[in-house]
Amino acid sequence: MKGSQEFVQHITPKSENFSQWYTDVILRAELADYAPVRGCMVIRPYGFGIWENIKELLDRRLKATGHKNAYFPLLIPRSFLEKEAEHVEGFAPEVAWVTRAGSEDLAEPLVVRPTSETIIGHMYSKWISSWRDLPVLINQWANVVRWEKATRLFLRTSEFLWQEGHTCHRTEEEAEEETLKILDIYKDFLSEDLAIPVLFGKKTEEEKFAGAITTYCVEALMTDGRALQAGTSHNLGQNFAKVFDISFLDQDNQLKYVWQTSWGVSTRLIGGIIMVHGDERGLALPPKIAPVQVVIVPIMPPPSQEIVIKTANEVFQRLKRTLRVELDAREEYSPGWKFNEWELKGVPVRLEIGPRDVKAGKVVLVQRDTGKKTIVPMENLEEAVTNMLSDVQEGLYRRAKKFMDENTHTSDNYDEFKDIIEAQRGLIFAPWCGNPNCETSIKEESGATIRCIPMDSEPKPGKCVCCGDNTDTWVYFGKAY
C-alpha cells in the first residue's frame with residue numbers, strides 16, 4: 001500500500017509562482033495535457049467533464065430563451081472571409097489555411113474557422129426571404145482554430161471549444177435586445193453556476209469585436225489580479241447582412257437587410273474557474289459543474305474491510321440517484337493519499353466512512369472549500385450532502401466576490417493609477433474622456449486596458465485619469481489575460 005506520506009505529486013505554491021501553479025494544477029489534476037501540435041491541448045476526461053457540465057447548464061439557459069442548436073462546417077472559402085474587410089483584418093494574423101487536398105492544390109484556399117460569421121451569413125442569405133422567417137436564433141457548439149503566437153492551457157490555445165450564437169432580426173431594436181439578453185444570460189450563468197462574480201458592460205471601439213458595431217462583455221478577476229474576458233455578446237448591425245445579402249421582404253413590402261448578433265463563451269471558462277477558486281491544495285470546483293460532486297473514501301483496516309466496503313457501496317447507491325458520486329475503494333492507496341488527491345481535483349464534498357462510523361450509523365462529511373468536518377447520521381445523509389453542496393457553491397461565490405471587491409480600486413490621479421497597476425493587483429475604476437489616444441497611452445505606459453464601460457453605474461463628473469479633460473464616464477481598467 002502507498003502510505004499517507006506518499007501524497008500526489010507536488011504543485012508549486014500559488015503564492016510563490018502563480019503561473020506555474022496554474023499549469024501544475026491542470027496537469028496533475030488531469031484536466032488537460034499538451035498535444036504534439038504547437039499551441040494545442042488534449043482535454044482529458046476529468047477536464048472534459050467540467051466542460052460537459054458547463055455546456056449542459058448554459059445550453060439549458062439558451063434553449064429556454066428560444067435558441068436552437070445547429071452545426072456549420074469547419075472549412076470556410078477564402079472569398080467568404082475576404083468579403084468583410086474589417087473582419088478579415090481583425091483575424092488575418094490568426095488564420096490557419098488549407099491549401100492542398102491529397103495530391104492537388106485547391107482552386108480556392110480554405111480557412112479553418114476562427115469564427116463562423118461568414119459561413120453562417122452565406123447560409124442565412126439562402127434561408128431568409130421574408131419577415132416571417134425572422135427571428136433566426138441559432139447556436140452551435142464547436143471547435144475553432146486561431147493560430148496564437150503565445151499559448152496557455154485553456155486560456156489561449158490554437159484550437160479550443162466554444163459555443164457561438166448567431167441571430168437575425170427584423171429591426172435594430174430587436175437585435176440590441178437580443179445582445180443584452182445574452183449578456184444577462186452570461187452574467188447569471190457565471191455567478192450562479194460557476195460561482196464567479198463579474199463586471200459587465202460595453203467594450204470601447206478599440207477593444208470591440210472586428211466587424212461589430214457594439215461589443216458587450218462580462219469580465220472576471222483572477223486571484224493573481226488579472227482580468228479575464230469571460231464572454232462577449234456582439235451587435236453586428238447590418239455589416240455582414242449587406243456583405244452576404246441577407247435580406248427579407250418586410251410587412252411594408254420593402255426589401256430590407258436583417259440586423260444580426262453573435263456571442264460566445266469558450267473553454268477559457270475552465271481556466272477562469274481554476275484561477276478564481278483554486279488554492280494551495282489545487283482545484284476547488286463549484287458543485288454545479290464538478291464532474292464528481294461527492295467522493296466516498298472508505299477507511300478499511302483489514303478486520304473491518306468487508307463491512308466497511310459493503311456500507312460504502314450502499315451509500316454510493318443512495319447518492320448516485322441524484323448526484324455525481326465516486327467511490328474510491330482502491331486498496332493500493334492509503335486514505336490520506338486519497339484525501340490529498342481528491343482535494344487536488346477539487347471535489348466539493350468528501351465522505352469518509354470507517355468501522356466506527358458503520359457501527360454508529362454515521363458518516364463524516366468534509367467541505368473542500370473550508371475543510372469543515374460534519375458528522376451526519378445515515379438517515380439524514382441525502383439532505384446533509386445536498387445542503388453542504390449548496391454551502392460550497394455559495395461559499396465559493398462569496399469568497400470570490402470579497403476578493404474582487406477588495407481588489408477593485410478607484411483613482412482619478414494618473415501617478416496613483418500607475419502605482420496601483422505596478423505595485424498592487426486588481427481593477428481600477430477611473431474616469432476616461434472617451435479619446436482613443438488616452439486609451440492607447442494608458443495601455444502603452446501601464447499595460448492596463450479598458451475592460452469595460454460599466455452598465456450598472458450612474459454617470460458622475462470627473463477628470464480623465466490620463467489627460468485631465470472633463471468627463472462623466474468612468475470605466476474599469478486592468479491588466480488582462
# chains A, B, ... in the order shown; residues from 1 in each chain; ligands from 1

$ residues_around --residues "A:Ile375" --least-positions-apart "4" --cutoff "9 Å" --atoms "only C-alpha atoms" --output "MDAnalysis selection string"
chainID A and resid 362:366

$ closest_atom_pairs --of "stretch 11-113 of chain A" --to "stretch 138-156 of chain A" --cutoff "6 Å" --atoms "only C-alpha atoms" --output "Markdown table"
| residue | atom | partner | partner_atom | distance |
| --- | --- | --- | --- | --- |
| A:Gly39 | CA | A:Thr151 | CA | 5.6 |
| A:His67 | CA | A:Ile138 | CA | 5.6 |
| A:Lys68 | CA | A:Ile138 | CA | 5.1 |
| A:Asn69 | CA | A:Asn139 | CA | 4.8 |
| A:Ala70 | CA | A:Gln140 | CA | 5.2 |
| A:Tyr71 | CA | A:Gln140 | CA | 5.5 |
| A:Glu94 | CA | A:Trp147 | CA | 4.4 |
| A:Val95 | CA | A:Arg146 | CA | 5.8 |
| A:Arg113 | CA | A:Val144 | CA | 5.5 |

$ write_last_selection --atoms "N, CA and C atoms" --output "PDB file, in the first residue's frame"
ATOM      1  N   GLY A  39       0.758  24.685 -29.507  1.00  0.00           N
ATOM      2  CA  GLY A  39      -0.356  25.514 -29.080  1.00  0.00           C
ATOM      3  C   GLY A  39      -1.669  24.781 -28.885  1.00  0.00           C
ATOM      4  N   HIS A  67     -33.498  29.636 -28.352  1.00  0.00           N
ATOM      5  CA  HIS A  67     -32.397  29.338 -29.261  1.00  0.00           C
ATOM      6  C   HIS A  67     -32.322  27.839 -29.541  1.00  0.00           C
ATOM      7  N   LYS A  68     -31.913  27.512 -30.759  1.00  0.00           N
ATOM      8  CA  LYS A  68     -31.769  26.117 -31.169  1.00  0.00           C
ATOM      9  C   LYS A  68     -30.355  25.873 -31.674  1.00  0.00           C
ATOM     10  N   ASN A  69     -29.892  24.638 -31.497  1.00  0.00           N
ATOM     11  CA  ASN A  69     -28.540  24.292 -31.907  1.00  0.00           C
ATOM     12  C   ASN A  69     -28.493  23.779 -33.340  1.00  0.00           C
ATOM     13  N   ALA A  70     -27.408  24.115 -34.024  1.00  0.00           N
ATOM     14  CA  ALA A  70     -27.127  23.608 -35.367  1.00  0.00           C
ATOM     15  C   ALA A  70     -25.624  23.402 -35.459  1.00  0.00           C
ATOM     16  N   TYR A  71     -25.172  22.987 -36.646  1.00  0.00           N
ATOM     17  CA  TYR A  71     -23.725  22.835 -36.844  1.00  0.00           C
ATOM     18  C   TYR A  71     -23.362  23.283 -38.253  1.00  0.00           C
ATOM     19  N   GLU A  94      -4.256  35.324 -37.266  1.00  0.00           N
ATOM     20  CA  GLU A  94      -4.527  34.080 -36.544  1.00  0.00           C
ATOM     21  C   GLU A  94      -5.105  32.980 -37.432  1.00  0.00           C
ATOM     22  N   VAL A  95      -5.291  33.270 -38.720  1.00  0.00           N
ATOM     23  CA  VAL A  95      -5.987  32.330 -39.589  1.00  0.00           C
ATOM     24  C   VAL A  95      -5.068  31.179 -40.026  1.00  0.00           C
ATOM     25  N   ARG A 113     -11.974  27.532 -39.549  1.00  0.00           N
ATOM     26  CA  ARG A 113     -12.758  28.623 -38.949  1.00  0.00           C
ATOM     27  C   ARG A 113     -12.129  29.206 -37.684  1.00  0.00           C
TER      28      ARG A 113
END

$ closest_residue --among "A:Phe316, A:Arg398, A:Ala284, A:Cys452" --to "A:Gly371" --atoms "only C-alpha atoms"
A:Ala284

$ closest_residue --among "A:Ala96, A:Ile428, A:Val315, A:Ala290" --to "A:Val385" --atoms "only C-alpha atoms"
A:Val315

$ atom_distance --atom1 "atom CA of A:Arg100" --atom2 "atom CA of A:Glu159"
20.2 Å

$ select_by_dssp --residues "stretch 24-115 of chain A" --states "strand (DSSP E)" --output "list of chain:residue names"
A:Ala32, A:Asp33, A:Tyr34, A:Met41, A:Val42, A:Ile43, A:Lys68, A:Asn69, A:Leu75, A:Ile76, A:Pro77, A:Ala96, A:Trp97, A:Val98, A:Thr99, A:Arg100, A:Ala101, A:Glu104, A:Asp105, A:Leu106, A:Ala107, A:Glu108, A:Pro109, A:Leu110, A:Val111, A:Val112

$ residues_around --residues "A:Asp369" --least-positions-apart "3" --cutoff "12 Å" --atoms "only C-alpha atoms" --output "number ranges by chain"
A: 277-287, 343-344, 346-350, 366, 372-373, 388-400

$ decode --residues "stretch 304-345 of chain A" --atoms "C-alpha atoms" --output "short mmCIF file (atom, residue, chain, number, x, y, z; two decimals), in the first residue's frame"
data_model
loop_
_atom_site.label_atom_id
_atom_site.label_comp_id
_atom_site.auth_asym_id
_atom_site.auth_seq_id
_atom_site.Cartn_x
_atom_site.Cartn_y
_atom_site.Cartn_z
CA SER A 304 -13.37 -4.49 9.10
CA GLN A 305 -12.78 -4.24 5.37
CA GLU A 306 -15.78 -6.27 4.29
CA ILE A 307 -18.40 -4.44 6.36
CA VAL A 308 -16.95 -1.01 5.54
CA ILE A 309 -16.91 -1.57 1.78
CA LYS A 310 -20.42 -3.05 1.92
CA THR A 311 -21.74 0.05 3.71
CA ALA A 312 -19.79 2.38 1.40
CA ASN A 313 -21.40 0.71 -1.61
CA GLU A 314 -24.84 1.17 -0.07
CA VAL A 315 -24.10 4.88 0.46
CA PHE A 316 -22.86 5.11 -3.14
CA GLN A 317 -26.07 3.57 -4.48
CA ARG A 318 -28.17 6.01 -2.46
CA LEU A 319 -26.33 9.14 -3.51
CA LYS A 320 -25.82 8.35 -7.18
CA ARG A 321 -29.55 8.60 -7.83
CA THR A 322 -29.33 12.40 -7.72
CA LEU A 323 -25.63 13.32 -7.56
CA ARG A 324 -22.35 12.72 -9.40
CA VAL A 325 -20.57 10.39 -6.97
CA GLU A 326 -17.33 8.42 -7.00
CA LEU A 327 -16.46 5.53 -4.68
CA ASP A 328 -12.70 5.28 -4.21
CA ALA A 329 -12.17 1.75 -2.93
CA ARG A 330 -8.62 1.37 -4.28
CA GLU A 331 -6.64 -0.78 -1.87
CA GLU A 332 -3.18 0.25 -3.07
CA TYR A 333 -3.55 3.81 -1.71
CA SER A 334 -3.94 4.95 1.88
CA PRO A 335 -6.92 7.11 2.94
CA GLY A 336 -4.56 10.08 3.43
CA TRP A 337 -3.22 9.75 -0.10
CA LYS A 338 -6.78 9.65 -1.46
CA PHE A 339 -7.81 12.70 0.58
CA ASN A 340 -4.92 14.63 -0.92
CA GLU A 341 -5.66 13.50 -4.48
CA TRP A 342 -9.37 14.37 -4.37
CA GLU A 343 -8.60 17.73 -2.79
CA LEU A 344 -6.21 18.39 -5.69
CA LYS A 345 -9.05 17.54 -8.08
#
